[in-house]
Amino acid sequence: MLGLELVVLLGVAVLAGNVLAQRLGIAPPVVLLALGALLGLVPAVRQTQLPPEVVLLLFLPVLLYWESLTTSSREIRSNLRGIVLMSTLLVILTAGAVAAAGHALGLPWGPAWVLGAAVAPTDATAVGALARALPRRQVTVLRAESLVNDGTALVIFGLAVGLTVGEEHLTVPHVGALFLLAYGGGAAVGVAVAWVNMNLRRRLQDPLLGNLVMILAPFTAYLLAELIHASGVLAVVVSGLIMAQVAPRLIRAEHRRQALALWPLATFIINATLFVLVGVELQYALRHMSRPDLTDALIAIGVVSVVLVVVRFAFLFGSAYLIRALDRRPEQRLRRMSDRARTVSGFAGFRGAVSLAVALSVPEILDSGAPFPNRDFIVFVTSGVIVVTLVGQGLLLPGVVRWARLPRDTSVEEEELLAETKAGEEALEALPRLAADLGTSPRVAEWLRQEYEAQLAAVRARGAGADGDPALLHNRHYNALRLALIAHKRGTVVRLRDEQRIDDTVLRRLQTTLDYEEVRLAGTEVE
């Protein structure tokens, strides 16, 4: 099939899947997986296989970088111990448990560990898509876990494949050196790329060039880390977390505006496409399984899925009670999570495209020239486990959240209100001094003071919950009138273009100005 036809089919599947998900009230990944499986029935689609490097080197850096940029660094620091344990020890225990289960089902130890490494890490994009309704702390911990645990899984995967093909020898110093290189080297590369990124962004005035640097950053970090056999995942994550801290002071508004227009759309398309491709891959793997092998694989999917859930729950509850017994500091008591909240986190261990990419990365032949044992079995079971976790746990999660009766997380709204109030108050305090420094006329300064005071009064009224407050009504009437005037101006400009009194170029420039003003007003309207 031609590449263009595949692009159109994937695009239509992404569009249709998200529309159906909204209509049916189902999480989009579940519908996208189903559409991908249906697309896999088309022979031409099924035969079009993306190399695993496309997912690992093209899709994954973009998704990880955006997740890192939009994750709360403060929450990561306050929950660092749990995140480190879940992204390292939990991954190792999960891979070992799945390997033991796979070996009990007849897999040799090498392929069994490959399967364990493939399904051990949770997926950041799946967590982001399916766990948005959770409190901020839980979402941050889940996202941070899934951002880092890929590095651990990839080290285990490399060892398992190396042992199977005869390239690796398992010794404690060797394994320790691999983990040290993966994490230490990946973090060092991430810091270096972030430093270069900061210096370039500080010097570049053109927003197009600045955002080109932003696009290159995750790919550069991943590539450099892979060249030294370190964790490309960790390099991207560290680079993104550093830039998230320095960007507000460093990056200009025009650069930010372009980035916020580009990245959410790009990550949405890539993320949705990956879920469709998982469904397609399931069909592909199904066609390469004999009937006896298919029966064994279906049994393995069920067993591995149960093992994943059991190990995750056992770790979450066991580690929590162990930490409570060993650490009784007051600040540790404040960080404790209820058993109901921990149960929700247990059901949020989704697997996704990273697991599929790892499974597809299994080499086809050994050093001896023989086929890699059970490769098709590994790919099919991994695909099936992804489907089970996304569909099964994804459909169960809303009910579990309702059962948990988690308190509504209002911290974001409270902190946003604090920031808006404080920024407005300090701006009003600085107004006389700034007006004097700039030589602003008293009339302009007074007009601006009245506008800021009206906005601040509306923010305070919103915080007090006074829906009928005159300040809120003033804000709503002001925004509604301004939006009506913008629409009227836009109609006038379009009419002038239709009458051929202005050119399309002029129309586009004026429309851009009006659009920015409309979006600003719509975003600041106090409900």
# chains A, B, ... in the order shown; residues from 1 in each chain; ligands from 1

call {"tool": "closest_atom_pairs", "arguments": {"of": "segment 91-169 of chain A", "to": "segment 55-74 of chain A", "cutoff": "12 Å", "atoms": "only C-alpha atoms", "output": "Markdown table"}}
result
| residue | atom | partner | partner_atom | distance |
| --- | --- | --- | --- | --- |
| A:Asp123 | CA | A:Leu64 | CA | 9.9 |
| A:Ala124 | CA | A:Leu64 | CA | 7.4 |
| A:Thr125 | CA | A:Leu63 | CA | 7.1 |
| A:Ala126 | CA | A:Leu63 | CA | 10.8 |
| A:Val127 | CA | A:Glu67 | CA | 10.6 |
| A:Gly128 | CA | A:Glu67 | CA | 8.4 |
| A:Ala129 | CA | A:Glu67 | CA | 11.4 |
| A:Arg136 | CA | A:Ser72 | CA | 8.8 |
| A:Arg137 | CA | A:Ser72 | CA | 8.9 |
| A:Gln138 | CA | A:Ser72 | CA | 11.3 |
| A:Val139 | CA | A:Thr71 | CA | 9.1 |
| A:Thr140 | CA | A:Thr71 | CA | 6.5 |
| A:Val141 | CA | A:Ser72 | CA | 9.4 |
| A:Leu142 | CA | A:Thr71 | CA | 10.5 |
| A:Arg143 | CA | A:Thr71 | CA | 7.6 |
| A:Ala144 | CA | A:Thr71 | CA | 7.7 |
| A:Glu145 | CA | A:Thr71 | CA | 11.4 |
| A:Ser146 | CA | A:Leu64 | CA | 9.5 |
| A:Leu147 | CA | A:Leu64 | CA | 6.7 |
| A:Val148 | CA | A:Leu64 | CA | 9.6 |
| A:Asn149 | CA | A:Leu64 | CA | 11.9 |
| A:Asp150 | CA | A:Leu64 | CA | 10.5 |
| A:Gly151 | CA | A:Leu56 | CA | 12.0 |
| A:Leu154 | CA | A:Leu56 | CA | 11.0 |

call {"tool": "write_last_selection", "arguments": {"atoms": "N, CA and C atoms", "output": "PDB file, in the first residue's frame"}}
result
ATOM      1  N   ASP A 123       2.823   2.836  30.405  1.00  0.00           N
ATOM      2  CA  ASP A 123       2.994   3.740  29.265  1.00  0.00           C
ATOM      3  C   ASP A 123       2.501   5.138  29.616  1.00  0.00           C
ATOM      4  N   ALA A 124       3.362   6.140  29.403  1.00  0.00           N
ATOM      5  CA  ALA A 124       3.023   7.516  29.785  1.00  0.00           C
ATOM      6  C   ALA A 124       1.825   8.043  29.005  1.00  0.00           C
ATOM      7  N   THR A 125       1.763   7.742  27.713  1.00  0.00           N
ATOM      8  CA  THR A 125       0.666   8.273  26.897  1.00  0.00           C
ATOM      9  C   THR A 125      -0.651   7.626  27.275  1.00  0.00           C
ATOM     10  N   ALA A 126      -0.623   6.330  27.589  1.00  0.00           N
ATOM     11  CA  ALA A 126      -1.854   5.656  28.000  1.00  0.00           C
ATOM     12  C   ALA A 126      -2.327   6.181  29.348  1.00  0.00           C
ATOM     13  N   VAL A 127      -1.388   6.386  30.276  1.00  0.00           N
ATOM     14  CA  VAL A 127      -1.751   6.933  31.579  1.00  0.00           C
ATOM     15  C   VAL A 127      -2.359   8.319  31.418  1.00  0.00           C
ATOM     16  N   GLY A 128      -1.741   9.143  30.566  1.00  0.00           N
ATOM     17  CA  GLY A 128      -2.257  10.491  30.356  1.00  0.00           C
ATOM     18  C   GLY A 128      -3.647  10.501  29.757  1.00  0.00           C
ATOM     19  N   ALA A 129      -3.908   9.537  28.877  1.00  0.00           N
ATOM     20  CA  ALA A 129      -5.199   9.513  28.197  1.00  0.00           C
ATOM     21  C   ALA A 129      -6.308   8.924  29.055  1.00  0.00           C
ATOM     22  N   ARG A 136      -4.385  15.354  41.195  1.00  0.00           N
ATOM     23  CA  ARG A 136      -3.121  15.741  40.578  1.00  0.00           C
ATOM     24  C   ARG A 136      -1.954  14.904  41.084  1.00  0.00           C
ATOM     25  N   ARG A 137      -1.927  14.641  42.386  1.00  0.00           N
ATOM     26  CA  ARG A 137      -0.791  13.883  42.933  1.00  0.00           C
ATOM     27  C   ARG A 137      -0.700  12.497  42.303  1.00  0.00           C
ATOM     28  N   GLN A 138      -1.828  11.799  42.204  1.00  0.00           N
ATOM     29  CA  GLN A 138      -1.810  10.463  41.634  1.00  0.00           C
ATOM     30  C   GLN A 138      -1.429  10.489  40.162  1.00  0.00           C
ATOM     31  N   VAL A 139      -1.987  11.424  39.418  1.00  0.00           N
ATOM     32  CA  VAL A 139      -1.653  11.514  37.994  1.00  0.00           C
ATOM     33  C   VAL A 139      -0.173  11.796  37.808  1.00  0.00           C
ATOM     34  N   THR A 140       0.388  12.687  38.624  1.00  0.00           N
ATOM     35  CA  THR A 140       1.804  13.018  38.510  1.00  0.00           C
ATOM     36  C   THR A 140       2.673  11.815  38.812  1.00  0.00           C
ATOM     37  N   VAL A 141       2.348  11.085  39.872  1.00  0.00           N
ATOM     38  CA  VAL A 141       3.131   9.903  40.224  1.00  0.00           C
ATOM     39  C   VAL A 141       3.049   8.856  39.117  1.00  0.00           C
ATOM     40  N   LEU A 142       1.865   8.632  38.587  1.00  0.00           N
ATOM     41  CA  LEU A 142       1.698   7.648  37.517  1.00  0.00           C
ATOM     42  C   LEU A 142       2.458   8.062  36.262  1.00  0.00           C
ATOM     43  N   ARG A 143       2.355   9.345  35.905  1.00  0.00           N
ATOM     44  CA  ARG A 143       3.061   9.819  34.714  1.00  0.00           C
ATOM     45  C   ARG A 143       4.570   9.753  34.909  1.00  0.00           C
ATOM     46  N   ALA A 144       5.056  10.173  36.083  1.00  0.00           N
ATOM     47  CA  ALA A 144       6.493  10.136  36.331  1.00  0.00           C
ATOM     48  C   ALA A 144       7.011   8.703  36.337  1.00  0.00           C
ATOM     49  N   GLU A 145       6.236   7.792  36.933  1.00  0.00           N
ATOM     50  CA  GLU A 145       6.621   6.378  36.912  1.00  0.00           C
ATOM     51  C   GLU A 145       6.790   5.885  35.486  1.00  0.00           C
ATOM     52  N   SER A 146       5.803   6.190  34.636  1.00  0.00           N
ATOM     53  CA  SER A 146       5.830   5.691  33.269  1.00  0.00           C
ATOM     54  C   SER A 146       6.867   6.402  32.412  1.00  0.00           C
ATOM     55  N   LEU A 147       7.296   7.594  32.824  1.00  0.00           N
ATOM     56  CA  LEU A 147       8.348   8.285  32.084  1.00  0.00           C
ATOM     57  C   LEU A 147       9.716   7.654  32.322  1.00  0.00           C
ATOM     58  N   VAL A 148       9.936   7.142  33.529  1.00  0.00           N
ATOM     59  CA  VAL A 148      11.267   6.653  33.903  1.00  0.00           C
ATOM     60  C   VAL A 148      11.395   5.143  33.743  1.00  0.00           C
ATOM     61  N   ASN A 149      10.292   4.411  33.928  1.00  0.00           N
ATOM     62  CA  ASN A 149      10.427   2.950  33.985  1.00  0.00           C
ATOM     63  C   ASN A 149      10.802   2.322  32.651  1.00  0.00           C
ATOM     64  N   ASP A 150      10.616   3.056  31.548  1.00  0.00           N
ATOM     65  CA  ASP A 150      11.034   2.517  30.258  1.00  0.00           C
ATOM     66  C   ASP A 150      12.535   2.229  30.239  1.00  0.00           C
ATOM     67  N   GLY A 151      13.318   3.095  30.890  1.00  0.00           N
ATOM     68  CA  GLY A 151      14.766   2.885  30.923  1.00  0.00           C
ATOM     69  C   GLY A 151      15.122   1.584  31.612  1.00  0.00           C
ATOM     70  N   LEU A 154      14.139  -1.345  29.319  1.00  0.00           N
ATOM     71  CA  LEU A 154      15.014  -1.501  28.158  1.00  0.00           C
ATOM     72  C   LEU A 154      16.351  -2.127  28.535  1.00  0.00           C
TER      73      LEU A 154
END

call {"tool": "closest_residue", "arguments": {"among": "A:Ile251, A:Phe347, A:Leu434, A:Gly40", "to": "Gly399 of chain A", "atoms": "only C-alpha atoms"}}
result
A:Phe347

call {"tool": "atom_distance", "arguments": {"atom1": "atom CA of Leu212 of chain A", "atom2": "atom CA of Arg252 of chain A"}}
result
14.2 Å

call {"tool": "residues_around", "arguments": {"residues": "Val276 of chain A", "least_positions_apart": "4", "cutoff": "8 Å", "atoms": "only C-alpha atoms", "output": "list in words"}}
result
Leu10, Ala13, Val14, Leu32, Leu33, Ala34, Leu35, Gly36, Ala37, Ala272 and Val280 of chain A

call {"tool": "atom_distance", "arguments": {"atom1": "atom CA of Ala359 of chain A", "atom2": "atom CA of Arg312 of chain A"}}
result
20.9 Å

call {"tool": "closest_residue", "arguments": {"among": "A:Val307, A:Ala187, A:Val7, A:Leu395", "to": "Ile26 of chain A", "atoms": "only C-alpha atoms"}}
result
A:Leu395

call {"tool": "closest_residue", "arguments": {"among": "A:Leu277, A:Ile215, A:Arg81, A:Leu163", "to": "Gly11 of chain A", "atoms": "only C-alpha atoms"}}
result
A:Leu277

call {"tool": "residues_around", "arguments": {"residues": "Leu483 of chain A", "least_positions_apart": "4", "cutoff": "8 Å", "atoms": "only C-alpha atoms", "output": "NGL selection string"}}
result
:A and (479 or 487 or 518 or 521)

call {"tool": "decode", "arguments": {"residues": "segment 301-447 of chain A", "atoms": "C-alpha atoms", "output": "compact mmCIF listing (two decimals), in the first residue's frame"}}
result
# COMPACT_ATOMS: atom_id res chain seq x y z
CA ILE A 301 -2.24 -13.32 27.66
CA GLY A 302 -4.67 -14.09 30.46
CA VAL A 303 -1.98 -15.36 32.81
CA VAL A 304 0.42 -12.46 32.14
CA SER A 305 -2.37 -9.89 32.54
CA VAL A 306 -3.29 -11.36 35.93
CA VAL A 307 0.37 -11.45 36.98
CA LEU A 308 0.79 -7.77 36.08
CA VAL A 309 -2.18 -6.73 38.20
CA VAL A 310 -1.26 -8.98 41.16
CA VAL A 311 2.38 -7.84 41.25
CA ARG A 312 1.40 -4.19 40.97
CA PHE A 313 -1.14 -4.40 43.78
CA ALA A 314 1.22 -6.41 45.98
CA PHE A 315 4.00 -3.89 45.46
CA LEU A 316 1.84 -0.81 45.99
CA PHE A 317 0.39 -2.08 49.27
CA GLY A 318 3.48 -3.94 50.49
CA SER A 319 5.90 -1.08 49.91
CA ALA A 320 3.49 1.42 51.48
CA TYR A 321 3.13 -0.55 54.71
CA LEU A 322 6.88 -1.22 54.83
CA ILE A 323 7.65 2.49 54.45
CA ARG A 324 5.07 3.34 57.13
CA ALA A 325 6.78 0.90 59.50
CA LEU A 326 10.27 2.28 58.82
CA ASP A 327 9.59 5.99 58.34
CA ARG A 328 7.39 7.63 60.95
CA ARG A 329 8.39 11.24 60.34
CA PRO A 330 5.50 13.74 60.45
CA GLU A 331 6.09 14.81 56.83
CA GLN A 332 5.89 11.17 55.77
CA ARG A 333 2.51 10.84 57.51
CA LEU A 334 1.22 13.81 55.50
CA ARG A 335 2.16 12.07 52.24
CA ARG A 336 0.26 8.88 53.03
CA MET A 337 -2.32 7.75 50.51
CA SER A 338 -5.54 5.96 51.41
CA ASP A 339 -6.03 2.31 50.50
CA ARG A 340 -8.85 3.28 48.14
CA ALA A 341 -6.59 5.74 46.33
CA ARG A 342 -3.87 3.09 46.13
CA THR A 343 -6.39 0.67 44.62
CA VAL A 344 -7.14 3.22 41.91
CA SER A 345 -3.40 3.52 41.18
CA GLY A 346 -3.24 -0.25 40.91
CA PHE A 347 -5.86 -0.26 38.18
CA ALA A 348 -4.04 2.56 36.33
CA GLY A 349 -1.05 0.44 35.29
CA PHE A 350 -1.75 0.58 31.56
CA ARG A 351 0.59 -0.83 28.93
CA GLY A 352 0.92 0.83 25.55
CA ALA A 353 2.98 1.48 22.47
CA VAL A 354 6.33 1.30 24.27
CA SER A 355 5.69 -2.34 25.12
CA LEU A 356 4.78 -3.06 21.52
CA ALA A 357 7.91 -1.30 20.25
CA VAL A 358 10.06 -3.33 22.63
CA ALA A 359 8.47 -6.59 21.47
CA LEU A 360 8.92 -5.67 17.81
CA SER A 361 12.60 -4.91 18.51
CA VAL A 362 13.29 -8.58 19.21
CA PRO A 363 15.80 -9.74 16.54
CA GLU A 364 14.59 -12.31 14.06
CA ILE A 365 17.72 -14.53 14.10
CA LEU A 366 20.34 -15.69 16.62
CA ASP A 367 24.09 -15.54 16.14
CA SER A 368 23.92 -19.13 14.95
CA GLY A 369 21.54 -18.14 12.16
CA ALA A 370 18.56 -19.89 13.76
CA PRO A 371 15.31 -17.97 14.25
CA PHE A 372 14.88 -16.18 17.58
CA PRO A 373 12.81 -18.61 19.66
CA ASN A 374 9.12 -17.73 20.13
CA ARG A 375 9.40 -14.25 18.58
CA ASP A 376 5.88 -14.30 17.09
CA PHE A 377 4.54 -15.63 20.39
CA ILE A 378 6.18 -12.73 22.28
CA VAL A 379 4.79 -10.12 19.87
CA PHE A 380 1.28 -11.55 20.00
CA VAL A 381 1.18 -11.92 23.78
CA THR A 382 2.53 -8.40 24.24
CA SER A 383 -0.10 -7.01 21.86
CA GLY A 384 -2.81 -8.94 23.66
CA VAL A 385 -1.68 -7.74 27.09
CA ILE A 386 -1.76 -4.14 25.83
CA VAL A 387 -5.33 -4.63 24.65
CA VAL A 388 -6.40 -6.29 27.91
CA THR A 389 -4.91 -3.55 30.09
CA LEU A 390 -6.20 -0.69 27.97
CA VAL A 391 -9.66 -2.12 27.37
CA GLY A 392 -10.22 -4.08 30.58
CA GLN A 393 -8.63 -1.73 33.08
CA GLY A 394 -9.62 1.32 31.04
CA LEU A 395 -13.28 0.36 31.23
CA LEU A 396 -13.03 -0.61 34.91
CA LEU A 397 -11.15 2.51 36.02
CA PRO A 398 -14.11 4.95 36.00
CA GLY A 399 -16.12 2.57 38.18
CA VAL A 400 -13.18 2.07 40.52
CA VAL A 401 -12.74 5.85 40.80
CA ARG A 402 -16.42 6.22 41.71
CA TRP A 403 -16.09 3.42 44.27
CA ALA A 404 -13.00 5.04 45.80
CA ARG A 405 -14.90 8.29 46.40
CA LEU A 406 -11.68 10.25 46.19
CA PRO A 407 -11.98 13.82 47.45
CA ARG A 408 -12.22 16.36 44.67
CA ASP A 409 -8.79 17.82 43.96
CA THR A 410 -9.21 21.59 44.12
CA SER A 411 -5.53 22.38 44.56
CA VAL A 412 -5.06 23.50 40.94
CA GLU A 413 -7.99 25.93 41.11
CA GLU A 414 -6.86 27.24 44.50
CA GLU A 415 -3.29 27.81 43.37
CA GLU A 416 -4.46 29.39 40.11
CA LEU A 417 -6.66 31.78 42.08
CA LEU A 418 -3.74 32.59 44.40
CA ALA A 419 -1.44 33.31 41.46
CA GLU A 420 -3.98 35.49 39.64
CA THR A 421 -4.77 37.46 42.81
CA LYS A 422 -1.14 37.96 43.80
CA ALA A 423 -0.07 38.88 40.28
CA GLY A 424 -2.88 41.43 39.99
CA GLU A 425 -2.16 42.96 43.40
CA GLU A 426 1.57 43.30 42.77
CA ALA A 427 0.94 44.70 39.28
CA LEU A 428 -1.28 47.42 40.76
CA GLU A 429 1.38 48.21 43.36
CA ALA A 430 4.03 48.51 40.65
CA LEU A 431 1.85 50.56 38.30
CA PRO A 432 2.79 54.08 39.56
CA ARG A 433 6.50 53.29 39.49
CA LEU A 434 6.39 51.67 36.05
CA ALA A 435 4.28 54.52 34.66
CA ALA A 436 6.81 57.04 35.99
CA ASP A 437 9.77 55.09 34.56
CA LEU A 438 8.13 54.89 31.14
CA GLY A 439 6.86 58.46 31.15
CA THR A 440 3.27 57.28 30.73
CA SER A 441 0.63 59.99 30.85
CA PRO A 442 -1.53 60.03 34.03
CA ARG A 443 -4.67 59.51 31.97
CA VAL A 444 -3.37 56.26 30.47
CA ALA A 445 -2.11 55.06 33.84
CA GLU A 446 -5.48 55.75 35.44
CA TRP A 447 -7.33 53.93 32.65
